[in-house]
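These notes are about the structure you will find just below.
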Amino acid sequence: MNDRPQTPLLDQVAWPSDLRKLQPEQLRQLADELRAETIAAVGVTGGHLGSGLGVVELTTAIHYVFDTPDDKLIWDVGHQCYPHKILTGRRDRIRTLRQGGGLSGFTKRAESDYDPFGAAHSSTSISAALGFAIANKMQDKPGKAIAVIGDGAMSAGMAYEAMNNARDAGNRLVVILNDNDMSIAPPVGGLSAYLARLVSSREFLGLRDLAKKLARKLPRPLHNAARKTDEFARGMAMGGTLFEELGFYYVGPIDGHNLDQLIPVLENVRDAAQGPCLVHVVTQKGKGYAPAEAAADKYHGVQKFDVITGTQDKAPPGPPSYTNVFAQALIAEAQRDPAVCAITAAMPSGTGLDKFQTVFPDRIFDVGIAEQHAVTFAAGLAAQGMRPFCAIYSTFLQRAYDQVVHDVAIQNLPVRFAIDRAGLVGADGSTHAGSFDVTYLATLPNMVVMAAADEAELVHMVHTCALHDSGPIAVRYPRGNGTGIALPQTPQALEIGKGRIMREGRQVAILSLGTRLEEAIKAADALEAKGLSTTVADLRFAKPLDEALIRKLLTSHDVAVTIEEGAIGGLGAHVLTLASDLGLIDNGLKLRTLRLPDLFQDQDKPERQYAQARLDADAIVDTVLTALRHNSVGSEARA
């Protein structure tokens, strides 16, 4: 375990109220100690590191200047909130981050009053902060709402939709643009800091208001010219014209690591009679930790690591990840077919498409955090004869559901959806769990929905997607490593809507979708040991269902159990509907469905999550035995 750093000043700060008792000249030391504690904690737990290190000073300054939690601080995405958690009464639990029963890796309303809005997806903060600000205004309550949004999150249209509606919030809304990657900012030096402090000051705003009043008395053309001159002058000096057009008073850019600049500007913005305000701060991801500063991704997400050397724990060598298998399979398809292209929404490495990019740089499109655009863009590509693969996490594809329905499914366009992170995901918890994609896709006419049981199946399914030109098709696969099965040298095109029998039996049928197949086979072994002859089927397709196979299994076995890594409304619901429509349960068949529970599961190790969800071999065996026991009890009662 990493040694804990010496933090004499931070030890006196359990809450932001303690922080506000410090003198401004003490804040530099506090920030240094806060950074050291963040590094030490993430060294123990793993998690998002670089983003949090980049906002240490900003976090300190916000809590020092604003009256949190009465002023509502909303972090966009929330993966940069570890320093915030340390300062808001959770330091004693910070080494439980992302662990079972521990602190969430994101903001979470149930965890603290200082987390007024839960997050983990991007670009929601300004909309939410606007809601808080307007609610305070309508109820005549004091209190600001402060949204901290990164430059990457500004690639999503939702951020601009919110800003376009922010005028009514007035000075109750403050947006802090945390610019840690963009090149739009001029060099952040003394002059820009001086300008930012000047134009956010009461004196300047007072003079500006006076000038506005005088300008209103001028004829309209001169009045408009005066207004534009003011905006133009500040836009030229500070680069905020776009935000001014959206109704914000722009301040910046300022050095987000210089507390002597941050504190007075935030105080000026806090006290400004005008608003809403946007403060542009420039920060460095990974700031203050050399291995993170040197890394290309600034240590965005890390395993446990040695604080001194920065060396991350390596997972034991094993089978390739599903993500890498998908990437290699897609590269092979692109080599075969020049119409194959790939789309990602700001997740090239997370989806494996960074590997595709090295081979086909002109056939991959990273559209930024814009899943809605990604899907409709893919629809346009498909309509013009390309074969687009839209690679998006299950939980992020939710953000583009209308586009999947309206722009793809209704028009029956052959967009291929590669759905990574299907099922439970472990440490990221409910916000990233791919629980709903089978349900929300298999309900759509024209959609084909496949789930890979292992990495070899994934290769076949990517090939099947590439060849499927008659409508939309999706393949889902989990986070993590495969089973170790040999990968096929030559992929096969699967017959649409056809499953496969993995083993034959007579009494019990287990109908599996996706990577629960391994647990289904373990359960079959256990049931065979109890004298119950068991069939295991890998259905492969949630839509269209293999009606012939399901009819055969449901009419020739005493008990049938479906199992899937998804929420209610998925495979089990479709099989039950089919069985009802065809009368397959009229003759006493015991049909049971195993799926994720109807709740949002907190983070834990995936195997524990699946055990809690009763989606493992033991649960399958219990379900079968209970069904048979109920049957015998019923017979005895009737006798």
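For the structure tokens, the naming scheme is as follows: chains receive sequential letters (A, B, ...) according to their order of presentation, residues are indexed from 1 within each chain, and ligands are indexed from 1 in presentation order.
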
Could you give me, as a ChimeraX atom specification, the residues within 10 Å of Ala509 of chain A, counting only C-alpha atoms and dropping anything in the same chain fewer than 2 positions from it?
/A:503-507,511-512,520,524,533-537,550,553-554,556-562,591,624

Quick check for you: according to DSSP on this backbone, which residues of segment 293-538 of chain A are classed as alpha helix (DSSP H)? Reply as number ranges by chain.
A: 293-294, 322-336, 353-359, 371-383, 394-397, 401-403, 437-442, 455-467, 517-529

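One distance worth recording is that between atom CA of Asp32 of chain A and atom CA of Leu10 of chain A, which is 9.3 Å.
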
Tell me, counting only C-alpha atoms, for each residue of segment 77-186 of chain A within 12 Å of segment 260-267 of chain A, which pair of atoms is nearest and how far apart they are in Å to one decimal, in rows ordered by chain and increasing number, as JSON lines.
{"residue": "A:Ile146", "atom": "CA", "partner": "A:Leu266", "partner_atom": "CA", "distance": 10.7}
{"residue": "A:Val174", "atom": "CA", "partner": "A:Leu266", "partner_atom": "CA", "distance": 9.4}
{"residue": "A:Val175", "atom": "CA", "partner": "A:Leu266", "partner_atom": "CA", "distance": 10.9}
{"residue": "A:Ile176", "atom": "CA", "partner": "A:Leu266", "partner_atom": "CA", "distance": 9.6}

Just write the chosen residues, all heavy atoms, as an mmCIF file, in the first residue's frame.
data_model
loop_
_atom_site.group_PDB
_atom_site.id
_atom_site.type_symbol
_atom_site.label_atom_id
_atom_site.label_comp_id
_atom_site.auth_asym_id
_atom_site.auth_seq_id
_atom_site.Cartn_x
_atom_site.Cartn_y
_atom_site.Cartn_z
ATOM 1 N N ILE A 146 -23.218 26.671 -9.911
ATOM 2 C CA ILE A 146 -21.931 26.734 -10.609
ATOM 3 C C ILE A 146 -21.740 25.431 -11.359
ATOM 4 O O ILE A 146 -21.684 24.348 -10.768
ATOM 5 C CB ILE A 146 -20.755 26.928 -9.619
ATOM 6 C CG1 ILE A 146 -20.997 28.131 -8.711
ATOM 7 C CG2 ILE A 146 -19.433 27.059 -10.359
ATOM 8 C CD1 ILE A 146 -21.422 27.772 -7.298
ATOM 9 N N VAL A 174 -23.345 30.513 -12.921
ATOM 10 C CA VAL A 174 -21.943 30.676 -13.293
ATOM 11 C C VAL A 174 -21.505 29.390 -13.984
ATOM 12 O O VAL A 174 -21.698 28.288 -13.452
ATOM 13 C CB VAL A 174 -21.048 30.929 -12.064
ATOM 14 C CG1 VAL A 174 -19.577 31.005 -12.476
ATOM 15 C CG2 VAL A 174 -21.477 32.193 -11.337
ATOM 16 N N VAL A 175 -20.945 29.527 -15.173
ATOM 17 C CA VAL A 175 -20.374 28.380 -15.883
ATOM 18 C C VAL A 175 -18.868 28.558 -15.912
ATOM 19 O O VAL A 175 -18.367 29.625 -16.298
ATOM 20 C CB VAL A 175 -20.929 28.262 -17.312
ATOM 21 C CG1 VAL A 175 -20.202 27.154 -18.078
ATOM 22 C CG2 VAL A 175 -22.429 27.990 -17.284
ATOM 23 N N ILE A 176 -18.150 27.530 -15.480
ATOM 24 C CA ILE A 176 -16.686 27.555 -15.533
ATOM 25 C C ILE A 176 -16.254 26.568 -16.611
ATOM 26 O O ILE A 176 -16.501 25.358 -16.490
ATOM 27 C CB ILE A 176 -16.068 27.193 -14.165
ATOM 28 C CG1 ILE A 176 -16.486 28.240 -13.116
ATOM 29 C CG2 ILE A 176 -14.554 27.112 -14.273
ATOM 30 C CD1 ILE A 176 -16.034 27.916 -11.704
#

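The residue that comes closest to Ala378 of chain A, out of A:Glu293, A:Tyr401, A:Pro361, A:Val408 and on the basis of only C-alpha atoms, is A:Val408.
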
Excluding same-chain residues fewer than 6 positions from Ala133 of chain A, what lies within 7 Å of it counting only C-alpha atoms, as a PyMOL selection string?
chain A and resi 144-145+169+172-173

Restricting the output to all heavy atoms, write the selected residues as a compact mmCIF listing (two decimals), in the first residue's frame.
# COMPACT_ATOMS: atom_id res chain seq x y z
N LYS A 144 -26.29 30.52 -5.72
CA LYS A 144 -25.79 30.41 -7.08
C LYS A 144 -25.79 28.94 -7.50
O LYS A 144 -25.83 28.03 -6.67
CB LYS A 144 -24.36 30.92 -7.17
CG LYS A 144 -24.15 32.33 -6.64
CD LYS A 144 -24.45 33.37 -7.68
CE LYS A 144 -24.04 34.75 -7.20
NZ LYS A 144 -24.38 35.80 -8.15
N ALA A 145 -25.72 28.73 -8.81
CA ALA A 145 -25.46 27.40 -9.35
C ALA A 145 -24.22 27.51 -10.21
O ALA A 145 -24.15 28.35 -11.11
CB ALA A 145 -26.65 26.90 -10.17
N ALA A 169 -31.64 32.98 -16.09
CA ALA A 169 -31.03 32.69 -14.79
C ALA A 169 -30.33 33.91 -14.22
O ALA A 169 -30.11 34.01 -13.01
CB ALA A 169 -30.05 31.53 -14.89
N ARG A 172 -27.49 34.30 -11.17
CA ARG A 172 -27.51 33.09 -10.32
C ARG A 172 -26.73 31.94 -10.95
O ARG A 172 -26.47 30.93 -10.29
CB ARG A 172 -28.96 32.63 -10.09
CG ARG A 172 -29.80 33.64 -9.31
CD ARG A 172 -31.25 33.21 -9.27
NE ARG A 172 -32.09 34.17 -8.58
CZ ARG A 172 -32.32 34.16 -7.27
NH1 ARG A 172 -31.78 33.22 -6.51
NH2 ARG A 172 -33.09 35.07 -6.71
N LEU A 173 -26.40 32.06 -12.24
CA LEU A 173 -25.72 30.97 -12.95
C LEU A 173 -24.29 31.37 -13.29
O LEU A 173 -24.05 32.43 -13.88
CB LEU A 173 -26.47 30.62 -14.24
CG LEU A 173 -25.82 29.54 -15.13
CD1 LEU A 173 -25.77 28.19 -14.40
CD2 LEU A 173 -26.57 29.41 -16.45

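Near segment 80-85 of chain A, within a cut-off of 7 Å and counting only C-alpha atoms, sit the residues Leu34, Thr38, Ser51, Gly52, Val56, Thr59, Arg91, Phe106 and Thr107 of chain A, with same-chain residues fewer than 6 positions away left out.
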
Could you turn the residues from that selection into a file that holds N, CA and C atoms, as a PDB file, in the first residue's frame?
ATOM      1  N   LEU A  34      -3.688  18.648  -1.035  1.00  0.00           N
ATOM      2  CA  LEU A  34      -4.859  18.005  -1.634  1.00  0.00           C
ATOM      3  C   LEU A  34      -4.459  17.180  -2.856  1.00  0.00           C
ATOM      4  N   THR A  38      -4.832  13.124  -3.225  1.00  0.00           N
ATOM      5  CA  THR A  38      -5.552  12.542  -4.357  1.00  0.00           C
ATOM      6  C   THR A  38      -4.706  11.482  -5.045  1.00  0.00           C
ATOM      7  N   SER A  51      -7.721  13.958 -14.672  1.00  0.00           N
ATOM      8  CA  SER A  51      -8.746  15.006 -14.690  1.00  0.00           C
ATOM      9  C   SER A  51      -8.887  15.655 -13.320  1.00  0.00           C
ATOM     10  N   GLY A  52      -8.802  14.865 -12.256  1.00  0.00           N
ATOM     11  CA  GLY A  52      -8.878  15.419 -10.904  1.00  0.00           C
ATOM     12  C   GLY A  52      -7.677  16.276 -10.559  1.00  0.00           C
ATOM     13  N   VAL A  56      -7.410  20.673  -9.062  1.00  0.00           N
ATOM     14  CA  VAL A  56      -7.164  20.792  -7.618  1.00  0.00           C
ATOM     15  C   VAL A  56      -7.303  22.242  -7.170  1.00  0.00           C
ATOM     16  N   THR A  59     -10.949  23.460  -7.652  1.00  0.00           N
ATOM     17  CA  THR A  59     -11.818  22.911  -6.604  1.00  0.00           C
ATOM     18  C   THR A  59     -11.644  23.693  -5.303  1.00  0.00           C
ATOM     19  N   ARG A  91     -13.116  12.427   3.107  1.00  0.00           N
ATOM     20  CA  ARG A  91     -11.716  12.019   3.044  1.00  0.00           C
ATOM     21  C   ARG A  91     -11.483  10.678   3.743  1.00  0.00           C
ATOM     22  N   PHE A 106     -17.972   8.919  -9.292  1.00  0.00           N
ATOM     23  CA  PHE A 106     -18.587  10.118  -9.880  1.00  0.00           C
ATOM     24  C   PHE A 106     -19.374  10.836  -8.791  1.00  0.00           C
ATOM     25  N   THR A 107     -19.975  11.976  -9.131  1.00  0.00           N
ATOM     26  CA  THR A 107     -20.849  12.625  -8.162  1.00  0.00           C
ATOM     27  C   THR A 107     -22.136  11.828  -8.020  1.00  0.00           C
TER      28      THR A 107
END

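Comparing the minimum interatomic distances between Ala474 of chain A and each of A:Ala613, A:Leu444, A:Leu49, A:Ile585, counting only C-alpha atoms, we find that A:Leu444 sits nearest.
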
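Between atom CA of Cys390 of chain A and atom CA of Trp75 of chain A the separation is 28.2 Å.
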
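Rounded to one decimal, atom CA of Asn180 of chain A and atom CA of Pro348 of chain A lie 18.7 Å from each other.
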
From the options A:Gly484, A:Ala345, A:Thr351, A:Leu517, which residue's atoms come nearest to Pro317 of chain A, counting only C-alpha atoms?
A:Gly484

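Considering the residues A:Gln372, A:Arg416, A:Arg421, A:Asp428 and counting only C-alpha atoms, Val475 of chain A has its shortest atom-to-atom contact with A:Arg416.
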